[in-house]
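K.L.:
Contents of coords-v3.pdb (PDB, C-alpha atoms) are given next:
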ATOM      1  CA  MET C  23       1.785  17.819  -4.403
ATOM      2  CA  ASN C  24      -1.967  17.855  -5.005
ATOM      3  CA  GLY C  25      -3.566  14.746  -3.541
ATOM      4  CA  GLU C  26      -6.707  15.311  -5.593
ATOM      5  CA  ASN C  27      -4.690  14.246  -8.644
ATOM      6  CA  TYR C  28      -4.062  10.790  -7.144
ATOM      7  CA  SER C  29      -6.106   7.734  -6.361
ATOM      8  CA  MET C  30      -5.159   5.419  -3.499
ATOM      9  CA  ILE C  31      -5.262   1.635  -3.211
ATOM     10  CA  VAL C  32      -5.001  -0.062   0.185
ATOM     11  CA  LEU C  33      -4.140  -3.750  -0.172
ATOM     12  CA  ALA C  34      -5.869  -5.491   2.736
ATOM     13  CA  GLY C  35      -6.036  -9.092   1.558
ATOM     14  CA  GLY C  36      -3.846 -12.089   2.282
ATOM     15  CA  LYS C  37      -4.450 -15.145   4.406
ATOM     16  CA  SER C  38      -2.720 -13.769   7.542
ATOM     17  CA  SER C  39      -1.599 -17.334   8.320
ATOM     18  CA  ARG C  40       1.323 -16.257  10.515
ATOM     19  CA  MET C  41      -0.833 -13.813  12.473
ATOM     20  CA  GLY C  42      -3.784 -16.143  12.908
ATOM     21  CA  ARG C  43      -6.304 -13.322  12.373
ATOM     22  CA  ASP C  44      -6.993 -10.625   9.806
ATOM     23  CA  LYS C  45      -4.141  -8.102   9.958
ATOM     24  CA  ALA C  46      -6.347  -5.314   8.634
ATOM     25  CA  ASP C  47      -8.443  -5.453  11.828
ATOM     26  CA  LEU C  48      -5.513  -5.250  14.243
ATOM     27  CA  CYS C  49      -5.604  -2.034  16.258
ATOM     28  CA  LEU C  50      -3.200   0.730  17.171
ATOM     29  CA  GLY C  51      -4.944   2.973  19.639
ATOM     30  CA  ASN C  52      -8.597   3.100  18.690
ATOM     31  CA  LYS C  53      -8.052   2.611  14.947
ATOM     32  CA  THR C  54      -7.475  -0.531  12.912
ATOM     33  CA  PHE C  55      -4.526  -0.875  10.556
ATOM     34  CA  LEU C  56      -6.968  -0.382   7.679
ATOM     35  CA  GLU C  57      -8.496   2.763   9.168
ATOM     36  CA  LEU C  58      -5.021   4.244   9.748
ATOM     37  CA  GLN C  59      -3.955   3.654   6.139
ATOM     38  CA  ILE C  60      -7.171   5.146   4.759
ATOM     39  CA  GLU C  61      -6.750   8.210   6.985
ATOM     40  CA  LYS C  62      -3.232   8.736   5.622
ATOM     41  CA  GLY C  63      -4.661   8.947   2.143
ATOM     42  CA  ARG C  64      -7.242  11.465   3.275
ATOM     43  CA  ARG C  65      -4.565  13.550   5.016
ATOM     44  CA  LEU C  66      -2.768  13.660   1.657
ATOM     45  CA  GLY C  67      -5.930  15.072   0.083
ATOM     46  CA  ILE C  68      -6.729  11.932  -1.899
ATOM     47  CA  GLN C  69     -10.447  11.617  -2.540
ATOM     48  CA  ASP C  70     -10.593   8.418  -4.599
ATOM     49  CA  ILE C  71      -9.611   5.599  -2.216
ATOM     50  CA  GLN C  72     -10.128   1.892  -2.890
ATOM     51  CA  VAL C  73      -9.639  -1.104  -0.616
ATOM     52  CA  SER C  74      -8.718  -4.524  -2.000
ATOM     53  CA  GLY C  75      -9.124  -7.910  -0.342
ATOM     54  CA  TYR C  76     -10.716  -6.863   2.960
ATOM     55  CA  ARG C  77     -13.091  -9.407   4.521
ATOM     56  CA  GLY C  78     -13.945  -7.755   7.856
ATOM     57  CA  LYS C  79     -16.605  -5.317   9.018
ATOM     58  CA  ARG C  80     -14.664  -2.102   9.780
ATOM     59  CA  CYS C  81     -14.171  -0.572   6.359
ATOM     60  CA  PRO C  82     -15.635   2.912   5.808
ATOM     61  CA  ILE C  83     -15.584   2.567   2.009
ATOM     62  CA  PRO C  84     -16.718  -0.167  -0.427
ATOM     63  CA  VAL C  85     -14.269  -3.000  -1.084
ATOM     64  CA  THR C  86     -13.194  -3.484  -4.714
ATOM     65  CA  PRO C  87     -13.482  -7.164  -5.712
ATOM     66  CA  ASP C  88     -10.768  -8.905  -7.720
ATOM     67  CA  ARG C  89     -11.623  -9.403 -11.387
ATOM     68  CA  ILE C  90      -9.236 -12.387 -11.435
ATOM     69  CA  PRO C  91      -9.646 -14.122  -8.049
ATOM     70  CA  GLU C  92      -6.933 -15.742  -5.933
ATOM     71  CA  LYS C  93      -4.004 -13.993  -7.631
ATOM     72  CA  GLY C  94      -2.581 -12.187  -4.617
ATOM     73  CA  PRO C  95      -1.684  -8.495  -4.543
ATOM     74  CA  LEU C  96      -1.214  -8.326  -8.318
ATOM     75  CA  GLY C  97      -4.831  -9.370  -8.858
ATOM     76  CA  GLY C  98      -6.045  -6.802  -6.352
ATOM     77  CA  LEU C  99      -3.947  -4.062  -7.914
ATOM     78  CA  GLU C 100      -5.191  -4.854 -11.401
ATOM     79  CA  SER C 101      -8.843  -4.559 -10.401
ATOM     80  CA  CYS C 102      -8.334  -1.323  -8.490
ATOM     81  CA  LEU C 103      -6.299   0.292 -11.266
ATOM     82  CA  ARG C 104      -9.174  -0.396 -13.659
ATOM     83  CA  ARG C 105     -11.524   1.569 -11.404
ATOM     84  CA  ALA C 106      -9.122   4.341 -10.425
ATOM     85  CA  LYS C 107     -10.350   7.845 -11.255
ATOM     86  CA  GLN C 108      -6.847   9.310 -11.447
ATOM     87  CA  GLU C 109      -3.924   8.344 -13.667
ATOM     88  CA  LYS C 110      -1.549   7.717 -10.762
ATOM     89  CA  CYS C 111      -2.347   5.592  -7.732
ATOM     90  CA  LEU C 112      -0.645   5.552  -4.357
ATOM     91  CA  VAL C 113      -0.476   1.918  -3.239
ATOM     92  CA  LEU C 114      -0.093   0.955   0.414
ATOM     93  CA  GLY C 115      -0.114  -2.450   2.068
ATOM     94  CA  VAL C 116      -2.281  -2.639   5.165
ATOM     95  CA  ASP C 117       0.384  -4.410   7.240
ATOM     96  CA  ILE C 118       2.887  -1.508   7.283
ATOM     97  CA  PRO C 119       0.907   0.705   9.682
ATOM     98  CA  LEU C 120       3.700   2.924  11.006
ATOM     99  CA  ILE C 121       4.809   4.505   7.741
ATOM    100  CA  PRO C 122       4.217   8.251   8.206
ATOM    101  CA  VAL C 123       2.409  10.562   5.809
ATOM    102  CA  THR C 124       5.626  12.505   5.203
ATOM    103  CA  GLU C 125       7.231   9.409   3.643
ATOM    104  CA  LEU C 126       4.254   8.940   1.351
ATOM    105  CA  GLU C 127       4.495  12.604   0.324
ATOM    106  CA  ARG C 128       8.179  12.154  -0.571
ATOM    107  CA  LEU C 129       7.394   8.993  -2.516
ATOM    108  CA  ILE C 130       4.787  10.883  -4.540
ATOM    109  CA  GLU C 131       7.189  13.770  -5.136
ATOM    110  CA  VAL C 132       9.795  11.378  -6.551
ATOM    111  CA  SER C 133       7.174   9.728  -8.764
ATOM    112  CA  GLU C 134       6.178  13.125 -10.165
ATOM    113  CA  LYS C 135       9.745  13.716 -11.349
ATOM    114  CA  SER C 136      10.044  10.307 -13.000
ATOM    115  CA  GLU C 137       8.808   9.074 -16.367
ATOM    116  CA  ALA C 138       8.561   5.507 -15.042
ATOM    117  CA  LYS C 139       5.120   3.900 -14.733
ATOM    118  CA  ALA C 140       5.952   2.782 -11.192
ATOM    119  CA  THR C 141       7.910   4.286  -8.305
ATOM    120  CA  ILE C 142       8.566   2.097  -5.283
ATOM    121  CA  LEU C 143       9.955   2.876  -1.835
ATOM    122  CA  LYS C 144      13.285   1.416  -0.779
ATOM    123  CA  HIS C 145      14.754   1.419   2.723
ATOM    124  CA  GLY C 146      18.130  -0.093   3.380
ATOM    125  CA  ASP C 147      18.506  -2.952   0.927
ATOM    126  CA  ARG C 148      14.774  -3.729   0.829
ATOM    127  CA  ASN C 149      12.478  -2.743  -2.016
ATOM    128  CA  GLU C 150       8.821  -2.318  -1.058
ATOM    129  CA  PRO C 151       6.558  -2.776  -4.098
ATOM    130  CA  LEU C 152       3.504  -2.385  -1.859
ATOM    131  CA  ILE C 153       4.567   1.134  -0.863
ATOM    132  CA  ALA C 154       4.514   2.627  -4.309
ATOM    133  CA  VAL C 155       2.925   4.796  -6.955
ATOM    134  CA  TYR C 156       1.583   2.953  -9.996
ATOM    135  CA  SER C 157       0.140   4.213 -13.259
ATOM    136  CA  ARG C 158      -3.255   2.973 -14.416
ATOM    137  CA  GLU C 159      -1.526   2.013 -17.660
ATOM    138  CA  LEU C 160       0.051  -0.976 -15.906
ATOM    139  CA  ALA C 161      -3.277  -2.806 -15.575
ATOM    140  CA  ASP C 162      -2.977  -4.591 -18.937
ATOM    141  CA  GLY C 163       0.569  -5.674 -18.125
ATOM    142  CA  MET C 164      -0.658  -7.051 -14.814
ATOM    143  CA  VAL C 165      -3.174  -9.272 -16.582
ATOM    144  CA  LYS C 166      -0.420 -10.545 -18.854
ATOM    145  CA  GLU C 167       1.843 -11.234 -15.875
ATOM    146  CA  ILE C 168      -0.974 -13.059 -14.052
ATOM    147  CA  THR C 169      -1.916 -15.208 -17.048
ATOM    148  CA  GLN C 170       1.425 -15.691 -18.817
ATOM    149  CA  GLY C 171       4.164 -14.836 -16.328
ATOM    150  CA  LYS C 172       5.105 -15.677 -12.759
ATOM    151  CA  GLY C 173       2.206 -13.717 -11.310
ATOM    152  CA  SER C 174       4.494 -11.579  -9.152
ATOM    153  CA  ILE C 175       4.759  -7.830  -8.805
ATOM    154  CA  PHE C 176       8.491  -7.876  -9.438
ATOM    155  CA  GLY C 177       7.872 -10.066 -12.484
ATOM    156  CA  LEU C 178       5.899  -7.135 -13.848
ATOM    157  CA  LEU C 179       8.245  -4.412 -12.608
ATOM    158  CA  ASP C 180      11.319  -6.099 -14.056
ATOM    159  CA  LYS C 181       9.632  -5.995 -17.462
ATOM    160  CA  THR C 182       8.292  -2.441 -17.298
ATOM    161  CA  GLY C 183      11.049  -0.792 -15.274
ATOM    162  CA  TYR C 184      10.542   1.368 -12.220
ATOM    163  CA  ALA C 185      11.913   4.321 -10.281
ATOM    164  CA  VAL C 186      12.979   4.171  -6.632
ATOM    165  CA  TYR C 187      12.483   6.505  -3.698
ATOM    166  CA  GLU C 188      15.217   5.775  -1.158
ATOM    167  CA  SER C 189      13.766   6.456   2.262
ATOM    168  CA  SER C 190      15.946   7.545   5.145
ATOM    169  CA  ALA C 191      13.212   7.019   7.756
ATOM    170  CA  ALA C 192      14.011   4.897  10.807
ATOM    171  CA  LYS C 193      13.601   1.214   9.963
ATOM    172  CA  GLU C 194      10.993   0.614  12.676
ATOM    173  CA  TYR C 195       8.561   2.770  10.689
ATOM    174  CA  MET C 196       8.769   0.199   7.882
ATOM    175  CA  THR C 197       8.030  -2.866  10.007
ATOM    176  CA  ASN C 198       5.711  -5.390   8.363
ATOM    177  CA  ALA C 199       3.377  -6.758  11.035
ATOM    178  CA  ASN C 200       3.019 -10.335   9.760
ATOM    179  CA  SER C 201       3.291 -12.171  13.083
ATOM    180  CA  TYR C 202       2.121 -11.541  16.632
ATOM    181  CA  ASN C 203       5.683 -10.659  17.735
ATOM    182  CA  GLU C 204       5.928  -8.075  14.964
ATOM    183  CA  TYR C 205       2.518  -6.707  15.918
ATOM    184  CA  SER C 206       3.673  -6.380  19.544
ATOM    185  CA  PHE C 207       6.780  -4.516  18.353
ATOM    186  CA  VAL C 208       4.701  -2.181  16.179
ATOM    187  CA  ARG C 209       2.291  -1.539  19.041
ATOM    188  CA  ASP C 210       5.168  -0.681  21.398
ATOM    189  CA  ILE C 211       6.597   1.805  18.877
ATOM    190  CA  PHE C 212       3.160   3.332  18.323
ATOM    191  CA  ASN C 213       2.642   3.764  22.068
ATOM    192  CA  LYS C 214       5.955   5.650  22.250
ATOM    193  CA  ILE C 215       5.463   7.970  19.289
ATOM    194  CA  GLY C 216       1.677   8.445  19.348
ATOM    195  CA  GLU C 217      -0.772   8.633  16.492
ATOM    196  CA  ASN C 218       0.017  12.252  15.603
ATOM    197  CA  ASP C 219       3.555  11.278  14.583
ATOM    198  CA  LEU C 220       2.116   9.230  11.714
ATOM    199  CA  PHE C 221       0.205  12.177  10.300
ATOM    200  CA  LYS C 222       2.750  14.985  10.482
TER     201      LYS C 222
END
Since I need it in another form, could you write the structure as structure tokens?
P.N.:
Amino acid sequence: MNGENYSMIVLAGGKSSRMGRDKADLCLGNKTFLELQIEKGRRLGIQDIQVSGYRGKRCPIPVTPDRIPEKGPLGGLESCLRRAKQEKCLVLGVDIPLIPVTELERLIEVSEKSEAKATILKHGDRNEPLIAVYSRELADGMVKEITQGKGSIFGLLDKTGYAVYESSAAKEYMTNANSYNEYSFVRDIFNKIGENDLFK
């Protein structure tokens, strides 16, 4: 794959009510969740990287504001897709910090073989629409879903259809750190595997 042919969107918004603090600024080693996700994109060779929803002070690139405020990840995606320089965009939620670069490469490879406008990662019985590749062409459909539908990502995907990359990675790599206990678990795993394991 050629990362230069892709844009990347890191979704770093959300109220973080269960965590009690901004998840994007949580650290593994000396990097925040947000910095780790951005570095993964750079390791893939992606040059056009956007961040949505971030409110902190440790973001090395400008934050893309929502065109339609307070509409969750779908609103953030819509705004970033409008500004994307490439046709296809790798999308990654900030709160899944342990997913390795190799899994993102495989996701992209599956998307390149599919005619679908979206390819999402699946592990076990769980679909992850925030670990995905989306086409810029979905932006108009996102506005329609926000204004006329349920305002959910799967509301959109069920209408447009999507491909699936079935990951065989260990489930701990897919842990969503939404609470302090989950953050502690993620930190313990990270301390065992080390940062380099994420970027192989």
K.L.:
On this structure, which residues satisfy the PyMOL selection byres ((chain C and resi 92) around 12), written as an NGL selection string?
P.N.:
:C and (35-37 or 75 or 87-91 or 93-98 or 168 or 173)
K.L.:
Can I get the selection written as a PDB file, keeping the file's coordinate frame, with C-alpha atoms?
P.N.:
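Saved result, selection.pdb, follows:
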ATOM      1  CA  GLY C  35      -6.036  -9.092   1.558  1.00  0.00           C
ATOM      2  CA  GLY C  36      -3.846 -12.089   2.282  1.00  0.00           C
ATOM      3  CA  LYS C  37      -4.450 -15.145   4.406  1.00  0.00           C
ATOM      4  CA  GLY C  75      -9.124  -7.910  -0.342  1.00  0.00           C
ATOM      5  CA  PRO C  87     -13.482  -7.164  -5.712  1.00  0.00           C
ATOM      6  CA  ASP C  88     -10.768  -8.905  -7.720  1.00  0.00           C
ATOM      7  CA  ARG C  89     -11.623  -9.403 -11.387  1.00  0.00           C
ATOM      8  CA  ILE C  90      -9.236 -12.387 -11.435  1.00  0.00           C
ATOM      9  CA  PRO C  91      -9.646 -14.122  -8.049  1.00  0.00           C
ATOM     10  CA  LYS C  93      -4.004 -13.993  -7.631  1.00  0.00           C
ATOM     11  CA  GLY C  94      -2.581 -12.187  -4.617  1.00  0.00           C
ATOM     12  CA  PRO C  95      -1.684  -8.495  -4.543  1.00  0.00           C
ATOM     13  CA  LEU C  96      -1.214  -8.326  -8.318  1.00  0.00           C
ATOM     14  CA  GLY C  97      -4.831  -9.370  -8.858  1.00  0.00           C
ATOM     15  CA  GLY C  98      -6.045  -6.802  -6.352  1.00  0.00           C
ATOM     16  CA  ILE C 168      -0.974 -13.059 -14.052  1.00  0.00           C
ATOM     17  CA  GLY C 173       2.206 -13.717 -11.310  1.00  0.00           C
TER      18      GLY C 173
END
K.L.:
Using 10 Å as the limit and counting only C-alpha atoms, can you tabulate each residue of region 95-174 of chain C that touches region 202-216 of chain C, with its shortest atom-to-atom distance in Å and the two atoms involved, as a tab-separated table?
P.N.:
residue	atom	partner	partner_atom	distance
C:Asp117	CA	C:Tyr205	CA	9.2
C:Ile118	CA	C:Val208	CA	9.1
C:Pro119	CA	C:Val208	CA	8.1
C:Leu120	CA	C:Val208	CA	7.3
K.L.:
Carefully work through the PyMOL selection byres ((chain C and resi 51-63) around 10) for this structure and note down the residues it includes, as a PyMOL selection string.
P.N.:
chain C and resi 25+28-34+45-50+64-73+76+80-83+112-124+126+199+209+212-213+216-217+220-222
K.L.:
If the box runs along x, y and z of the file and leaves 6 Å on each side of region 199-218 of chain C, what are its centre and edge lengths in Å, one decimal, as AutoDock Vina command-line options?
P.N.:
--center_x 3.0 --center_y 0.0 --center_z 16.0 --size_x 19.6 --size_y 36.4 --size_z 24.5
K.L.:
Exactly which residues make up the result of the PyMOL selection byres ((chain C and resi 153) around 6) on this file, given as a PyMOL selection string?
P.N.:
chain C and resi 113-114+143+150-152+154
K.L.:
Within 10 Å of Met164 (chain C), counting all atoms listed in the file, which residues show up once you throw out same-chain ones fewer than 6 positions away? Write them as a ChimeraX atom specification, please.
P.N.:
/C:96-97,99-101,103,170-171,173-175,177-179
K.L.:
Within 9 Å of region 158-162 of chain C, counting only C-alpha atoms, which residues show up once you throw out same-chain ones fewer than 5 positions away? Write them as number ranges by chain, please.
P.N.:
C: 99-106, 108-111, 139-140, 167, 178, 182
K.L.:
Tell me, in Å to one decimal, how far CA of Lys193 (chain C) is from CA of Asn218 (chain C).
P.N.:
18.4 Å
